[in-house]
Structures are given as structure tokens and as C-alpha cells.
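Visitor: The structure is given below, and queries will be raised subsequently.
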Amino acid sequence: MKFDPRAFRWFLILFALEVAIALFVKDRLIRPLVGDVLVILLIFYFVRSLFPVPTVRLAIGTLLFAWAIEIAQYFKFVERLGLADNRVASVVLGTTFDWVDLVAYAIGAVVVVLIERR
């Protein structure tokens with residue numbers, strides 16, 4: 001474990017941006033699509049701020065994690081856990097499966113690799 005202040009700053013910036021999108025943007029492009037692309041970067045930089053994992057490996061791991069959560073939504077994971085009425089669990093784990101989200105996550109993984117390689 002090794003703290004990376006640069007990655008943590010990016011995590012904080014992305015977290016603030018995601019919160020702003022969630023609170024103030026009510027559209028069909030920025031909130032659902034851009035928000036899902038950015039969440040990959042958010043998770044990536046959070047993990048990167050704590051663990052010096054190679055970029056491609058971490059991007060793939062982040063992508064697989066996000067896909068697993070999305071697939072769990074398909075199988076109504078939150079409901080099966082009995083957490084459907086828990087607002088935090090519903091927001092964090094999500095409740096609605098969407099194929100477009102899988103694509104948005106993949107785009108996010110590619111974007112973070114491109115950012116880190118330059």
C-alpha cells in the first residue's frame with residue numbers, strides 16, 4: 001500500500017463532479033452516460049490512490065467490478081438481499097440494469113488508460 005496524492009486529488013475532483021451531476025443534472029445524456037463513464041475513473045483513481053497497480057490491470061479490474069455490479073442489477077441483487085427499501089444500498093448498488101451502462105463503463109476504462117498513458 002502506498003498513498004498517491006495525485007490520484008487522490010483526481011478522485012476528489014471526480015467525486016465532486018459525480019455529486020454535482022447527481023444533484024443538479026436531470027437529462028438523458030450527462031447524468032446516465034457521462035456519469036457512468038466518470039464512475040470508472042472515480043473508482044480507478046480511488047484504488048490508484050492507495051495501491052500502485054499497473055494502469056491497464058487496474059482499468060480492467062475496475063471495468064470487471066463495474067460490470068459485475070451491473071449484472072447483479074439484472075438479477076435484482078438488491079431486492080434479493082432484502083435491501084430494496086434501503087436508499088443507500090439502492091444508490092450504491094443500483095437497481096436498474098441497462099446494456100448501455102456496460103458500454104459506458106468500457107468507454108470509461110479506455111479513457112482512463114488513454115489519460116494515464118499520456
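Numbering starts fresh at 1 for the residues of each chain in the C-alpha cells, the chains themselves are lettered A, B, ... in the order given, and ligands are numbered from 1 as they appear.
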DSSP on the backbone: which residues in chain A end up as alpha helix (DSSP H)? Give the answer as a count of residues only.

Guide: 86

Visitor: Near Ile40 in chain A, counting only C-alpha atoms, which residues have an atom at most 7 Å away, once you skip same-chain residues fewer than 4 positions from it, shown as a list of chain:residue names?

Guide: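 Those residues are A:Asp36, A:Phe44, A:Thr62, A:Leu63, A:Tyr105, A:Gly108, A:Ala109.
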
Visitor: Next, the residues of the selection above should be written as an mmCIF file, in the first residue's frame with all heavy atoms.

Guide:
data_model
loop_
_atom_site.group_PDB
_atom_site.id
_atom_site.type_symbol
_atom_site.label_atom_id
_atom_site.label_comp_id
_atom_site.auth_asym_id
_atom_site.auth_seq_id
_atom_site.Cartn_x
_atom_site.Cartn_y
_atom_site.Cartn_z
ATOM 1 N N ASP A 36 -21.733 7.502 -15.876
ATOM 2 C CA ASP A 36 -21.235 6.120 -15.849
ATOM 3 C C ASP A 36 -19.802 6.016 -16.368
ATOM 4 O O ASP A 36 -19.027 5.203 -15.881
ATOM 5 C CB ASP A 36 -22.156 5.195 -16.645
ATOM 6 C CG ASP A 36 -23.441 4.878 -15.909
ATOM 7 O OD1 ASP A 36 -23.501 5.130 -14.683
ATOM 8 O OD2 ASP A 36 -24.381 4.371 -16.540
ATOM 9 N N PHE A 44 -11.226 3.977 -10.327
ATOM 10 C CA PHE A 44 -9.825 3.784 -10.710
ATOM 11 C C PHE A 44 -8.905 4.645 -9.851
ATOM 12 O O PHE A 44 -7.926 4.157 -9.270
ATOM 13 C CB PHE A 44 -9.633 4.119 -12.195
ATOM 14 C CG PHE A 44 -8.214 4.037 -12.665
ATOM 15 C CD1 PHE A 44 -7.722 2.868 -13.222
ATOM 16 C CD2 PHE A 44 -7.356 5.129 -12.562
ATOM 17 C CE1 PHE A 44 -6.400 2.791 -13.660
ATOM 18 C CE2 PHE A 44 -6.039 5.061 -12.990
ATOM 19 C CZ PHE A 44 -5.564 3.879 -13.546
ATOM 20 N N THR A 62 -11.239 -2.551 -12.623
ATOM 21 C CA THR A 62 -12.328 -1.606 -12.370
ATOM 22 C C THR A 62 -13.501 -1.889 -13.295
ATOM 23 O O THR A 62 -14.656 -1.890 -12.867
ATOM 24 C CB THR A 62 -11.831 -0.160 -12.559
ATOM 25 O OG1 THR A 62 -10.709 0.064 -11.697
ATOM 26 C CG2 THR A 62 -12.910 0.846 -12.248
ATOM 27 N N LEU A 63 -13.209 -2.146 -14.554
ATOM 28 C CA LEU A 63 -14.251 -2.459 -15.527
ATOM 29 C C LEU A 63 -14.998 -3.738 -15.136
ATOM 30 O O LEU A 63 -16.237 -3.772 -15.144
ATOM 31 C CB LEU A 63 -13.648 -2.603 -16.921
ATOM 32 C CG LEU A 63 -14.592 -3.016 -18.040
ATOM 33 C CD1 LEU A 63 -15.722 -2.005 -18.211
ATOM 34 C CD2 LEU A 63 -13.818 -3.189 -19.334
ATOM 35 N N TYR A 105 -19.195 1.979 -19.185
ATOM 36 C CA TYR A 105 -18.091 1.553 -18.320
ATOM 37 C C TYR A 105 -16.858 1.203 -19.151
ATOM 38 O O TYR A 105 -15.732 1.531 -18.777
ATOM 39 C CB TYR A 105 -18.497 0.363 -17.456
ATOM 40 C CG TYR A 105 -19.656 0.621 -16.519
ATOM 41 C CD1 TYR A 105 -20.539 -0.396 -16.195
ATOM 42 C CD2 TYR A 105 -19.882 1.874 -15.954
ATOM 43 C CE1 TYR A 105 -21.605 -0.185 -15.339
ATOM 44 C CE2 TYR A 105 -20.944 2.098 -15.102
ATOM 45 C CZ TYR A 105 -21.800 1.065 -14.790
ATOM 46 O OH TYR A 105 -22.855 1.284 -13.947
ATOM 47 N N GLY A 108 -15.235 4.314 -20.213
ATOM 48 C CA GLY A 108 -14.501 4.874 -19.079
ATOM 49 C C GLY A 108 -13.156 4.205 -18.882
ATOM 50 O O GLY A 108 -12.149 4.873 -18.603
ATOM 51 N N ALA A 109 -13.114 2.891 -19.041
ATOM 52 C CA ALA A 109 -11.851 2.157 -18.880
ATOM 53 C C ALA A 109 -10.852 2.566 -19.959
ATOM 54 O O ALA A 109 -9.659 2.757 -19.677
ATOM 55 C CB ALA A 109 -12.107 0.649 -18.921
#

Visitor: When you draw a straight line from CA of Arg118 in chain A to CA of Val56 in chain A, how long is it in Å?

Guide: 13.3 Å

Visitor: Select, from A:Gly82, A:Ile115, A:Ile43, A:Trp99, the residue with the minimum atom-to-atom distance to Glu18 in chain A, counting only C-alpha atoms.

Guide: A:Ile43

Visitor: Rank A:Ser49, A:Glu79, A:Leu33, A:Asp27 by their smallest atom-to-atom distance to Leu12 in chain A, using only C-alpha atoms, and report the top residue only.

Guide: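 Going through A:Ser49, A:Glu79, A:Leu33, A:Asp27 one by one, the smallest distance to Leu12 in chain A is for A:Ser49.
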
Visitor: With only C-alpha atoms as the counted atoms, please give the residues lying no more than 12 Å from Phe77 in chain A, apart from itself and same-chain residues fewer than 2 positions off, as a list in words.

Guide: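 Here the qualifying residues turn out to be Ala68, Ile69, Glu70, Ile71, Ala72, Gln73, Tyr74, Phe75, Glu79, Arg80, Leu81, Gly82, Leu83, Ala84, Ala89, Ser90, Val92, Leu93, Gly94, Thr95, Thr96 and Phe97 of chain A.
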
Visitor: Can you pull out every residue within 9 Å of Phe3 in chain A, counting only C-alpha atoms, but drop anything in the same chain fewer than 6 positions away, and send it as a PyMOL selection string?

Guide: chain A and resi 48-52

Visitor: Any chance you could export the current selection's N, CA, C and O atoms as a compact mmCIF listing (two decimals), in the first residue's frame?

Guide:
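File produced: result-v4.txt:
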# COMPACT_ATOMS: atom_id res chain seq x y z
N ARG A 48 -6.14 3.61 -7.17
CA ARG A 48 -4.78 4.03 -7.51
C ARG A 48 -4.18 4.88 -6.39
O ARG A 48 -2.98 4.85 -6.17
N SER A 49 -5.02 5.63 -5.68
CA SER A 49 -4.50 6.48 -4.61
C SER A 49 -3.97 5.65 -3.44
O SER A 49 -3.19 6.15 -2.63
N LEU A 50 -4.36 4.39 -3.36
CA LEU A 50 -3.94 3.52 -2.25
C LEU A 50 -2.99 2.40 -2.67
O LEU A 50 -2.18 1.95 -1.87
N PHE A 51 -3.12 1.94 -3.91
CA PHE A 51 -2.34 0.79 -4.37
C PHE A 51 -1.67 1.09 -5.71
O PHE A 51 -2.36 1.48 -6.65
N PRO A 52 -0.38 0.88 -5.82
CA PRO A 52 0.32 1.16 -7.09
C PRO A 52 0.17 0.02 -8.10
O PRO A 52 1.12 -0.65 -8.47

Visitor: What's the separation between CA of Val111 in chain A and CA of Val88 in chain A, in Å to one decimal place?

Guide: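 CA of Val88 in chain A lies at a distance of 28.0 Å from CA of Val111 in chain A.
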
Visitor: Within 10 Å of Arg9 in chain A, counting only C-alpha atoms, which residues qualify if same-chain residues fewer than 5 places away don't, as a ChimeraX atom specification?

Guide: /A:4,14-15,45-46,49

Visitor: What is the distance, in Å and to one decimal place, between CA of Pro32 in chain A and CA of Glu116 in chain A?

Guide: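 Value for the CA of Pro32 in chain A-CA of Glu116 in chain A distance: 24.1 Å.
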
Visitor: For a quick check of understanding, using only C-alpha atoms, which of A:Leu41, A:Val100, A:Ala7, A:Met1 has the smallest distance to Ile60 in chain A?

Guide: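 Ranked by minimum distance to Ile60 in chain A, first place goes to A:Leu41.
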